[in-house]
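*Asks:* This is the structure, below, for whatever I ask next.
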Number of protein chains: 2
Amino acid sequence: MCENFQRIGAFKFRGAANAVFSLSDAAAARGVATHSSGNHAAALALAARLRGIPAHTVMPEDTVAIKVESVRRYGGRVVFCAPNHDARVATLAEVVAETGAEEIHPFADARVIAGQGTAALELIREVGALDALVAPISGGGLLAGSAIAATGLCPGIAIFGAEPEGADDAARSFASGQLEKNSRVDTICDGLRADLGAPNFAILKGLGTQILPVSDAEVLAALRLVYERLKIVIEPSCAAPLAAIRRHPGHFRGRRVGVILSGGNVDLAAIGRIWAGAV
Amino acid sequence: MCENFQRIGAFKFRGAANAVFSLSDAAAARGVATHSSGNHAAALALAARLRGIPAHTVMPEDTVAIKVESVRRYGGRVVFCAPNHDARVATLAEVVAETGAEEIHPFADARVIAGQGTAALELIREVGALDALVAPISGGGLLAGSAIAATGLCPGIAIFGAEPEGADDAARSFASGQLEKNSRVDTICDGLRADLGAPNFAILKGLGTQILPVSDAEVLAALRLVYERLKIVIEPSCAAPLAAIRRHPGHFRGRRVGVILSGGNVDLAAIGRIWAGAV
């Protein structure tokens, strides 16, 4: 499923749109808010504009300009704060108190999870029953939604989350049985650095998900393969599922495998340095 | 029309397949031959393999390894020669004399032109009538085939060839009314460096084609736009039509415009240096 071709260039628009269009008219009129600075912020701004309501995004002052612009391009309001987690949370609370806006969390939100699941839903409706489904895991919005949709349509389907070794909180959470956090993250997959959300973990455990670790080198090899053979532009995080399939072939050989390609919002200069061999 | 998703990664498979499958069984049994070293050679090797016949490709000894491999991967035979035009022609003549193989020229061949035209044919059948069609021009196989198909289906359609300023033989040929050659070529569009073919020029003149010049800087800006917005991998030559549309908007504003995206066989290291800002 090519979510790099999705609006805003990533699956995030699905969850944001479902959340925004799930609101009552009265709640919607007060707007929506988030403190994500990535694709979720742009997705929320676009979804809000489509419903004709305000979107407020809290961003650290040191956010790169391109991310600020992508929210403003869709008509979102950007509220800057000091570059630390506490300031983000406090500033978002102020914005919500002032405006009455509904906070839409990027992944620990049932409406967002349900929206992200529509990618797997559409994939299975289009290609028929699958034996296995692989998506990247970070906060777990995409994977939890995918797992709900896929197991609903294909009982017995195996659900796999591809996770960078350098941000392995999900693997450790599944091993210990309780929600673990990343103490440090070190991966090229800039979209897979968040900690797994609590509701996301609960859903994924309940549906028998397995976590497959991948190294950055494996991600880069898979990334190259996609550019060279599929001729599509994807971001490094998006290559994690293919890397997982190549590293753990025993789970997939001879089976019908669905892959969610999560997005294509790359920094061409950074990806260029990779192709040019400077990374 | 996304010919970067075509087999072998470029439109060239269409012409090669049409030529190979147009042969009588007796002629086909003797095989096919060419002295192209680019996408046409790989396309011809694949088409020949699909028909179960031999393909002989004459290549200069200094051909980059990746091009040799791409022909051999499809089962083609590679015959090396000295790295000059006369040696290529002489060696091809020897191969043809030895084997009885049919020479399939990469563009100055009616069967190849007809095959390349099926991209425009499929595009118009899929999206309906167009006011204008733009494709890159080099030898003129793609553009001549496109012009025949498009004017057949949409009488009055305007046909445009996008040509790099650094290999402007087509622009000069249309200006003088007679076939001109490139004395030197200097363009990033490595697929657009050939001289226009005689039958191709005759067809294009007869169908009222216009040539639109583009600079390498305009090609690179269009290339970046395609990667960033369409999220697809194309080669520099393939960006020439979009560059032409952006430079010459008066021909296209308010009209239904078809674009043939010719291929996606990039050297990722070279394209990486472009994105990284080293070019």
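Here, A, B, ... name the chains of the structure tokens in the order displayed, residue numbers run from 1 inside each chain, and ligands are numbered from 1 in the same displayed order.
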Determine, using only C-alpha atoms, which residues of chain B have any atom at most 10 Å from an atom of chain A, and tabulate each with its shortest atom pair and distance in Å to one decimal place, rows ordered by chain and then rising number, as a tab-separated table.

*Replies:*
residue	atom	partner	partner_atom	distance
B:Asn4	CA	A:Lys231	CA	6.7
B:Phe5	CA	A:Lys231	CA	6.7
B:Gln6	CA	A:Lys231	CA	10.0
B:Ile8	CA	A:Arg229	CA	9.2
B:Gly9	CA	A:Lys231	CA	8.0
B:Arg224	CA	A:Leu268	CA	8.4
B:Val226	CA	A:Val233	CA	9.7
B:Tyr227	CA	A:Val233	CA	6.6
B:Glu228	CA	A:Asn265	CA	7.6
B:Arg229	CA	A:Gly9	CA	8.1
B:Leu230	CA	A:Phe5	CA	7.2
B:Lys231	CA	A:Val233	CA	4.6
B:Ile232	CA	A:Ile232	CA	4.2
B:Val233	CA	A:Lys231	CA	4.6
B:Ile234	CA	A:Lys231	CA	7.2
B:Glu235	CA	A:Lys231	CA	10.0
B:Gly263	CA	A:Lys231	CA	9.3
B:Gly264	CA	A:Lys231	CA	6.4
B:Asn265	CA	A:Glu228	CA	7.6
B:Val266	CA	A:Glu228	CA	7.8
B:Asp267	CA	A:Glu228	CA	8.8
B:Leu268	CA	A:Trp275	CA	5.5
B:Ala269	CA	A:Ala276	CA	4.3
B:Ala270	CA	A:Ala276	CA	6.7
B:Ile271	CA	A:Gly272	CA	6.9
B:Gly272	CA	A:Gly272	CA	3.5
B:Arg273	CA	A:Ala276	CA	5.4
B:Ile274	CA	A:Gly272	CA	7.0
B:Trp275	CA	A:Ala269	CA	4.7
B:Ala276	CA	A:Ala269	CA	4.3
B:Gly277	CA	A:Ala269	CA	7.0
B:Ala278	CA	A:Arg273	CA	9.4

*Asks:* Excluding range 158-173 of chain B and residues on its chain fewer than 2 positions from it, collect all residues at most 9 Å away from it, counting only C-alpha atoms, and give them as number ranges by chain.

*Replies:* B: 130-140, 143, 146-147, 150-151, 155-156, 175-189, 192-196, 201, 204, 207-216, 219, 237, 240-245, 251

*Asks:* Please return, as a PyMOL selection string, all residues of range 23-253 of chain B that DSSP assigns to alpha helix (DSSP H) on the basis of the backbone.

*Replies:* chain B and resi 25-29+39-51+65-73+85-99+110-116+118-127+141-153+169-176+198-206+216-225+240-247

*Asks:* In terms of the shortest atom-to-atom distance over only C-alpha atoms, which of A:Val68, A:Ala27, A:Val95, A:Ile148 is closest to Gly206 in chain A?

*Replies:*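 Checking each of A:Val68, A:Ala27, A:Val95, A:Ile148 against Gly206 in chain A, counting only C-alpha atoms, the winner is A:Ile148.
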
*Asks:* Would you kindly return, as a ChimeraX atom specification, each protein, DNA or RNA residue with an atom no farther than 6 Å from any atom of range 103-108 of chain B, considering only C-alpha atoms and excluding same-chain residues fewer than 6 positions away?

*Replies:* /B:32-34,40,139,141,197

*Asks:* Write the residues of the selection above to a file with N, CA and C atoms, as a CSV table (one decimal), in the first residue's frame.

*Replies:*
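The new file result_32.csv reads:
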chain,number,residue,atom,x,y,z
B,32,VAL,N,18.0,-11.2,-33.1
B,32,VAL,CA,18.0,-9.7,-33.4
B,32,VAL,C,19.3,-9.2,-32.9
B,33,ALA,N,19.7,-8.0,-33.4
B,33,ALA,CA,20.9,-7.4,-33.0
B,33,ALA,C,20.8,-5.9,-33.0
B,34,THR,N,21.7,-5.2,-32.2
B,34,THR,CA,21.7,-3.8,-32.1
B,34,THR,C,23.1,-3.3,-31.6
B,40,HIS,N,17.7,0.6,-24.8
B,40,HIS,CA,17.2,-0.2,-25.9
B,40,HIS,C,17.8,-1.6,-25.9
B,139,GLY,N,16.5,10.7,-30.4
B,139,GLY,CA,16.4,10.1,-31.7
B,139,GLY,C,15.1,10.3,-32.4
B,141,GLY,N,12.2,8.4,-31.6
B,141,GLY,CA,11.3,7.2,-31.7
B,141,GLY,C,10.1,7.4,-30.8
B,197,GLY,N,16.6,10.9,-35.9
B,197,GLY,CA,16.6,10.0,-37.0
B,197,GLY,C,15.9,10.6,-38.2

*Asks:* Give me, as a list in words, all polymer residues having an atom no more than 12 Å from Val127 in chain B, counting only C-alpha atoms and skipping those fewer than 2 positions away in the same chain.

*Replies:*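 My list of contacting residues is Met1, Ala120, Leu121, Glu122, Leu123, Ile124, Arg125, Ala129, Leu130, Asp131, Arg256, Val257, Gly258 and Val259 of chain B.
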
*Asks:* Could you give me, as a list in words, the residues within 12 Å of Ile53 in chain B, counting only C-alpha atoms and dropping anything in the same chain fewer than 6 positions from it?

*Replies:* Val20, Phe21, Leu23, Ser24, Asp25, Ala26, Ala27, Ala28, Ala29, Arg30, Gly31, Val32, Ala33, Leu44, Ala45, Leu46, Ala47, Tyr74, Gly75, Gly76, Arg77, Thr99, Ala101 and Glu102 of chain B

*Asks:* I need the residues in range 13-164 of chain A that are strand (DSSP E or B) according to DSSP; give them as a PyMOL selection string.

*Replies:* chain A and resi 32-34+55-60+77-81+102-103+132-136+158-164

*Asks:* Emit the selected residues as a tab-separated table (two decimals), in the first residue's frame, including C-alpha atoms.

*Replies:*
chain	number	residue	atom	x	y	z
A	32	VAL	CA	-8.16	20.96	17.01
A	33	ALA	CA	-4.68	21.08	18.52
A	34	THR	CA	-1.51	18.99	18.76
A	55	ALA	CA	-5.84	23.81	13.77
A	56	HIS	CA	-3.30	24.87	16.42
A	57	THR	CA	0.15	23.27	16.40
A	58	VAL	CA	2.62	23.73	19.23
A	59	MET	CA	6.21	23.50	17.96
A	60	PRO	CA	9.61	24.00	19.61
A	77	ARG	CA	-1.63	28.10	13.20
A	78	VAL	CA	1.83	27.53	14.69
A	79	VAL	CA	2.47	28.37	18.36
A	80	PHE	CA	6.15	28.26	19.29
A	81	CYS	CA	7.44	27.09	22.69
A	102	GLU	CA	-9.78	19.30	20.95
A	103	GLU	CA	-6.36	17.73	21.36
A	132	ALA	CA	0.70	-11.67	6.87
A	133	LEU	CA	0.86	-7.89	7.12
A	134	VAL	CA	3.93	-5.78	7.92
A	135	ALA	CA	4.04	-2.12	8.87
A	136	PRO	CA	6.57	0.04	10.70
A	158	ALA	CA	-0.02	-12.67	11.21
A	159	ILE	CA	0.74	-9.05	12.13
A	160	PHE	CA	4.35	-7.83	12.19
A	161	GLY	CA	5.82	-4.52	13.30
A	162	ALA	CA	9.19	-3.56	11.81
A	163	GLU	CA	11.25	-1.64	14.36
A	164	PRO	CA	14.74	-0.10	14.18

*Asks:* Which residues, written as a list in words, have at least one atom at most 12 Å from His85 in chain A, with only C-alpha atoms counted and residues fewer than 2 positions away on the same chain left out?

*Replies:*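 My list of contacting residues is His35, Ser36, Val58, Met59, Pro60, Cys81, Ala82, Pro83, Ala87, Arg88, Val89, Ala90, Thr91 and Leu92 of chain A.
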
*Asks:* Write a file of the just-selected residues containing C-alpha atoms, as a PDB file, in the first residue's frame.

*Replies:*
ATOM      1  CA  HIS A  35       2.127  19.285  19.732  1.00  0.00           C
ATOM      2  CA  SER A  36       3.491  16.978  17.062  1.00  0.00           C
ATOM      3  CA  VAL A  58       2.620  23.728  19.231  1.00  0.00           C
ATOM      4  CA  MET A  59       6.210  23.498  17.963  1.00  0.00           C
ATOM      5  CA  PRO A  60       9.609  23.998  19.613  1.00  0.00           C
ATOM      6  CA  CYS A  81       7.439  27.093  22.686  1.00  0.00           C
ATOM      7  CA  ALA A  82      10.759  26.376  24.375  1.00  0.00           C
ATOM      8  CA  PRO A  83      12.471  23.314  22.905  1.00  0.00           C
ATOM      9  CA  ALA A  87       7.174  23.323  27.486  1.00  0.00           C
ATOM     10  CA  ARG A  88       5.345  21.534  24.681  1.00  0.00           C
ATOM     11  CA  VAL A  89       2.865  19.958  27.064  1.00  0.00           C
ATOM     12  CA  ALA A  90       2.341  23.195  29.023  1.00  0.00           C
ATOM     13  CA  THR A  91       1.936  25.309  25.893  1.00  0.00           C
ATOM     14  CA  LEU A  92      -0.529  22.859  24.392  1.00  0.00           C
TER      15      LEU A  92
END
